[in-house]
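What follows is a single structure, written as C-alpha cells, with notes after it.
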Amino acid sequence: MTKKIYEIDPYIKECFATIQDTKFINGETWVCFDQTNLYPEGGGQPSDVGFINQSPVLDVQLYDGQIYHKVFEPIDRVRVKIHLDFERRFDHMQQHSGQHLLSAVWKELFEFETVSFHLGKDVCTIDLQTDNIDDVHINEVENRVAEYIFENPTIESYVLPYDEVDYEKLIKLKEKPDFVRLVEIEGIDLSTCCGTHVSMLGEIGMIKMVGSEKYKQNTRISFVCGKRALNYFQAVYNSSQEVSNKLNVPATNINERFSEFYHEYQLLKKKYQKLYEKDIYHEANVLVKNVEHGFVHVKWSDRPIQEMKDLAKMIIETGEKAVIFCSRKHHTWIFASSSSQIFNVSTCIQSLKESFGGKGGGNPVFGQWVGEINDEQWEQFKQQTIGDFDIKTTYNG
C-alpha cells in the first residue's frame with residue numbers, strides 16, 4: 001500500500017519515491033509509487049497536482065487502496081522525485097480546515113448539521129440540514145468563526161482504532177475500517193477526515209460566506225477562506241471604491257446614497273420608456289404610410305435588435321402588414337407579419353437557414369435570423385420565397 005506522506009505532514013513539498021506499478025487506462029498513463037506526498041481526490045477535496053521529475057502530474061486517484069498518478073507518458077526511471085504544487089495544496093488546506101470550523105460553529109450555535117461539502121475551484125459549499133437561514137444567522141456565525149481564528153488553537157490529525165472512536169463520529173463512514181483518521185481543532189471540533197489541513201487555525205486567515213440558497217430540503221452555503229477570502233474582499237473593495245467615486249460619497253455611505261440614486265433612476269426610466277414608445281409609434285406611422293403591397297422593408301447599418309423588434313410589433317398591429325428589418329452590423333434580420341396568410345415567417349426563416357446557414361427561429365408571425373447574405377443573394381431569395389410582391393427596400397443609415 002502506498003505510504004501517504006500528506007497524512008503525516010501536509011507541508012512536505014518534495015519526496016523521493018520508487019515506482020511500484022504502471023497502468024494504461026483508456027489511453028492514459030497512471031503510475032503508482034511506494035510513497036507519495038500528493039493527495040488523491042476524495043472527501044470533497046480535489047486531488048493535488050505537481051511534477052514527477054520534470055513530467056506534470058495531471059490527476060491523482062485512489063484505486064484498490066493504491067494511489068495512482070496520471071502523467072503524460074510512461075516514466076523510464078524507477079526512482080523519482082515528486083514535487084508538489086504547494087500553492088494549490090495550501091489553498092485546499094485552508095478551505096478544508098475552514099469547512100471544519102464553519103460546520104462546527106453552525107452546529108454549536110444553531111444545531112444545523114453539515115450533510116455534504118464540496119471544495120470548488122473558486123468557492124466552497126456546505127449543505128446544512130435546514131431550510132431556515134437568514135443574514136442574522138450568517139453574521140452570528142461569522143463573528144464566532146472570527147473569534148476562534150483569533151484564538152489560533154492547534155489542528156491535529158491522528159489515527160485511532162475503529163473501536164476506540166465515539167460512535168457519533170463514525171456515522172458518516174461508508175465502511176468499517178480497522179483504523180480511523182481524525183482531525184481535531186483543539187476545543188472546537190473532532191471529525192473523521194482524510195483531507196489535508198493547516199496545523200494552526202490562524203493559518204486559515206479569514207472565512208467569508210458569500211451566498212446561500214435552498215437546495216433540495218437543505219440550505220447550501222457558499223464560502224471562501226484564506227487567500228480566496230482576501231481576493232474576494234479586494235474585489236469588493238475595488239468595486240465599492242468605484243461606486244463611491246461615481247456617487248461622490250464615502251464608501252460607508254454607498255447604500256444610503258444608492259437608494260436615492262436608484263429611486264431617481266426608476267423615475268427617469270419610466271420617463272424614457274414613455275418617450276421611447278412615442279418615438280417608435282411615430283416612426284411606425286411614417287413607415288406604414290410609405291408601405292407598398294403590405295410590406296415594410298428597412299435596412300439599417302447599425303440599429304439595436306430590440307428596437308427593431310419593438311418597431312416591427314407596432315407595425316403589424318396596424319393590420320394586414322408584413323415586416324422585414326435588417327441590421328447589417330449585427331447580421332440580424334427581423335421578420336413579422338399580421339397574419340401567416342400574408343407572410344409565413346417561420347417558413348421564410350427555415351428557407352434562409354437551409355440556403356445560407358446561420359441560426360434563428362420563430363413562429364408563423366414573428367421571428368429572427370442571424371446569418372450572412374449579400375444584396376444579390378437576398379434579391380434572389382426574396383423573389384423565390386416571398387413571390388411577386390414588389391417590396392421597396394429603404395436604407396436608413
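Going by the C-alpha cells order, chains are called A, B, ..., each with residues numbered from 1, while ligands are numbered from 1 in the order shown.
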Which residues of stretch 30-122 of chain A sit at most 7 Å from stretch 209-229 of chain A, using only C-alpha atoms? Give each one's shortest atom pair and distance in Å (one decimal place), in chain and ascending residue order, as a tab-separated table.
residue	atom	partner	partner_atom	distance
A:Gln94	CA	A:Gly226	CA	6.0
A:Gln95	CA	A:Cys225	CA	5.4
A:Gly98	CA	A:Cys225	CA	6.3
>> Which residues are near A:Thr154? Cut-off 8 Å, only C-alpha atoms, ignore same chain within fewer than 2 positions. Put them as a ChimeraX atom specification.
In response: /A:152,156,185-186,199-201
Selected residues written out with C-alpha atoms, as a compact mmCIF listing (two decimals), in the first residue's frame:
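File selection_17.txt, as written:
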# COMPACT_ATOMS: atom_id res chain seq x y z
CA ASN A 152 -5.48 30.26 16.98
CA GLU A 156 -4.07 17.87 14.87
CA ILE A 185 -9.46 21.54 16.17
CA GLU A 186 -8.48 21.87 19.80
CA SER A 199 -1.67 22.97 11.68
CA MET A 200 -2.93 26.16 13.39
CA LEU A 201 -6.39 27.65 12.98
>> What's around A:Asn37 at 7 Å? Count only C-alpha atoms, leave out sequence neighbours fewer than 2 positions away in its own chain, and write the answer as a ChimeraX atom specification.
In response: /A:4-6,12,15,39
What does the file look like for those residues with N, CA and C atoms, as an mmCIF file, in the first residue's frame?
data_model
loop_
_atom_site.group_PDB
_atom_site.id
_atom_site.type_symbol
_atom_site.label_atom_id
_atom_site.label_comp_id
_atom_site.auth_asym_id
_atom_site.auth_seq_id
_atom_site.Cartn_x
_atom_site.Cartn_y
_atom_site.Cartn_z
ATOM 1 N N LYS A 4 1.245 7.333 2.667
ATOM 2 C CA LYS A 4 0.602 8.625 2.441
ATOM 3 C C LYS A 4 1.336 9.708 3.239
ATOM 4 N N ILE A 5 2.338 10.308 2.631
ATOM 5 C CA ILE A 5 3.134 11.324 3.318
ATOM 6 C C ILE A 5 2.288 12.545 3.660
ATOM 7 N N TYR A 6 1.312 12.846 2.817
ATOM 8 C CA TYR A 6 0.471 14.025 3.043
ATOM 9 C C TYR A 6 -0.337 13.904 4.333
ATOM 10 N N ILE A 12 5.064 18.957 3.501
ATOM 11 C CA ILE A 12 6.214 18.432 2.758
ATOM 12 C C ILE A 12 5.993 18.636 1.267
ATOM 13 N N CYS A 15 9.398 14.753 -2.207
ATOM 14 C CA CYS A 15 9.817 13.468 -1.650
ATOM 15 C C CYS A 15 10.357 12.594 -2.783
ATOM 16 N N TYR A 39 -1.972 14.336 -2.677
ATOM 17 C CA TYR A 39 -3.265 13.877 -2.174
ATOM 18 C C TYR A 39 -4.175 13.437 -3.325
#
Fewer than 4 positions away in the same chain doesn't count, so skip those; otherwise give me all residues within 9 Å of stretch 370-372 of chain A, counting only C-alpha atoms, as a compact mmCIF listing (two decimals) with C-alpha atoms, in the first residue's frame.
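Output (selection38.txt):
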# COMPACT_ATOMS: atom_id res chain seq x y z
CA HIS A 330 -25.23 42.53 -36.37
CA HIS A 331 -26.13 40.42 -39.46
CA THR A 332 -29.58 40.10 -37.94
CA TRP A 333 -32.95 40.01 -39.69
CA ILE A 334 -36.33 40.51 -38.03
CA LEU A 352 -32.88 31.06 -45.10
CA LYS A 353 -31.18 28.55 -42.82
CA PHE A 356 -27.40 30.21 -46.24
CA GLY A 357 -26.94 28.56 -42.83
CA GLY A 358 -26.95 30.85 -39.83
CA LYS A 359 -29.27 30.45 -36.89
CA GLY A 360 -32.63 31.65 -35.78
>> I need the residues of stretch 42-147 of chain A that end up classed as helix (DSSP H, G or I) by DSSP on the backbone, written out as a VMD selection string.
In response: chain A and resid 86 to 110 135 to 147
Could you turn the residues from that selection into a file that holds C-alpha atoms, as a short mmCIF file (atom, residue, chain, number, x, y, z; two decimals), in the first residue's frame?
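Writing done, so here's result33.cif:
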data_model
loop_
_atom_site.label_atom_id
_atom_site.label_comp_id
_atom_site.auth_asym_id
_atom_site.auth_seq_id
_atom_site.Cartn_x
_atom_site.Cartn_y
_atom_site.Cartn_z
CA PHE A 86 2.18 23.71 -2.74
CA GLU A 87 0.28 26.90 -3.57
CA ARG A 88 -2.69 24.79 -4.65
CA ARG A 89 -2.21 22.42 -1.71
CA PHE A 90 -2.14 25.22 0.87
CA ASP A 91 -5.28 26.72 -0.65
CA HIS A 92 -7.00 23.35 -0.23
CA MET A 93 -5.69 23.09 3.35
CA GLN A 94 -7.19 26.50 4.16
CA GLN A 95 -10.55 25.71 2.53
CA HIS A 96 -10.90 22.26 4.11
CA SER A 97 -9.87 23.43 7.58
CA GLY A 98 -12.25 26.36 7.17
CA GLN A 99 -15.06 23.96 6.36
CA HIS A 100 -14.45 22.01 9.58
CA LEU A 101 -14.59 25.22 11.61
CA LEU A 102 -17.62 26.59 9.78
CA SER A 103 -19.57 23.35 10.15
CA ALA A 104 -18.65 23.15 13.84
CA VAL A 105 -19.92 26.68 14.50
CA TRP A 106 -23.21 26.14 12.65
CA LYS A 107 -23.67 23.06 14.83
CA GLU A 108 -22.63 24.87 18.01
CA LEU A 109 -24.89 27.91 17.57
CA PHE A 110 -27.94 26.52 15.81
CA ASP A 135 -28.47 37.18 7.38
CA VAL A 136 -28.73 37.28 11.17
CA HIS A 137 -27.64 33.62 11.36
CA ILE A 138 -24.77 34.25 8.93
CA ASN A 139 -23.47 37.31 10.78
CA GLU A 140 -23.54 35.50 14.11
CA VAL A 141 -21.68 32.50 12.69
CA GLU A 142 -19.05 34.70 11.01
CA ASN A 143 -18.41 36.56 14.25
CA ARG A 144 -17.92 33.34 16.22
CA VAL A 145 -15.70 31.90 13.47
CA ALA A 146 -13.51 35.03 13.60
CA GLU A 147 -13.18 34.71 17.39
#
> Which residue, A:Ile315, A:Val78, A:Cys326, A:Ile8, has the smallest gap to A:Phe295 when you use only C-alpha atoms?
Replying inline: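 The answer is A:Ile315, which sits nearest to A:Phe295.
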>> Write out as an NGL selection string the set of residues from stretch 94-228 of chain A that DSSP, computed on the backbone, places in strand (DSSP E or B).
In response: :A and (114-119 or 124-128 or 154-161 or 179-185 or 189-192 or 200 or 207-215 or 218-225)
> Of the residues A:Ser47, A:Glu242, A:Asp178, A:Asn290, which is the one nearest to A:Leu119, using only C-alpha atoms?
Replying inline: A:Ser47
> Of the residues A:Ile19, A:Leu84, A:Val345, A:Leu160, which is the one nearest to A:Gln66, using only C-alpha atoms?
Replying inline: A:Ile19
> Between A:Glu264, A:Tyr237, A:Ile316, A:Glu277, which has the minimum distance to A:Ala251 (counting only C-alpha atoms)?
Replying inline: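 Closest to A:Ala251, using only C-alpha atoms: A:Tyr237.
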>> Could you list, as a VMD selection string, every residue within 9 Å of A:Lys321, counting only C-alpha atoms and ignoring same-chain residues fewer than 6 positions away?
In response: chain A and resid 288 291 293 to 296 315 336 to 339 342 to 343
> Which residues, written as a PyMOL selection string, have at least one atom at most 10 Å from A:Lys329, with only C-alpha atoms counted and residues fewer than 3 positions away on the same chain left out?
Replying inline: chain A and resi 300-304+326+332
>> Restricting the calculation to only C-alpha atoms: of A:Gln383, A:Gln273, A:Thr125, A:Ser157, which residue gets closest to A:Gly195?
In response: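 With only C-alpha atoms as the atom set, the closest residue is A:Ser157.
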> If you measure from atom CA of A:Lys81 to atom CA of A:Phe16, what distance in Å do you get, rounded to one decimal?
Replying inline: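 Between atom CA of A:Lys81 and atom CA of A:Phe16 the gap is 4.4 Å.
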> Which distance in Å separates atom CA of A:Ser239 and atom CA of A:Gly120, to one decimal?
Replying inline: 23.8 Å
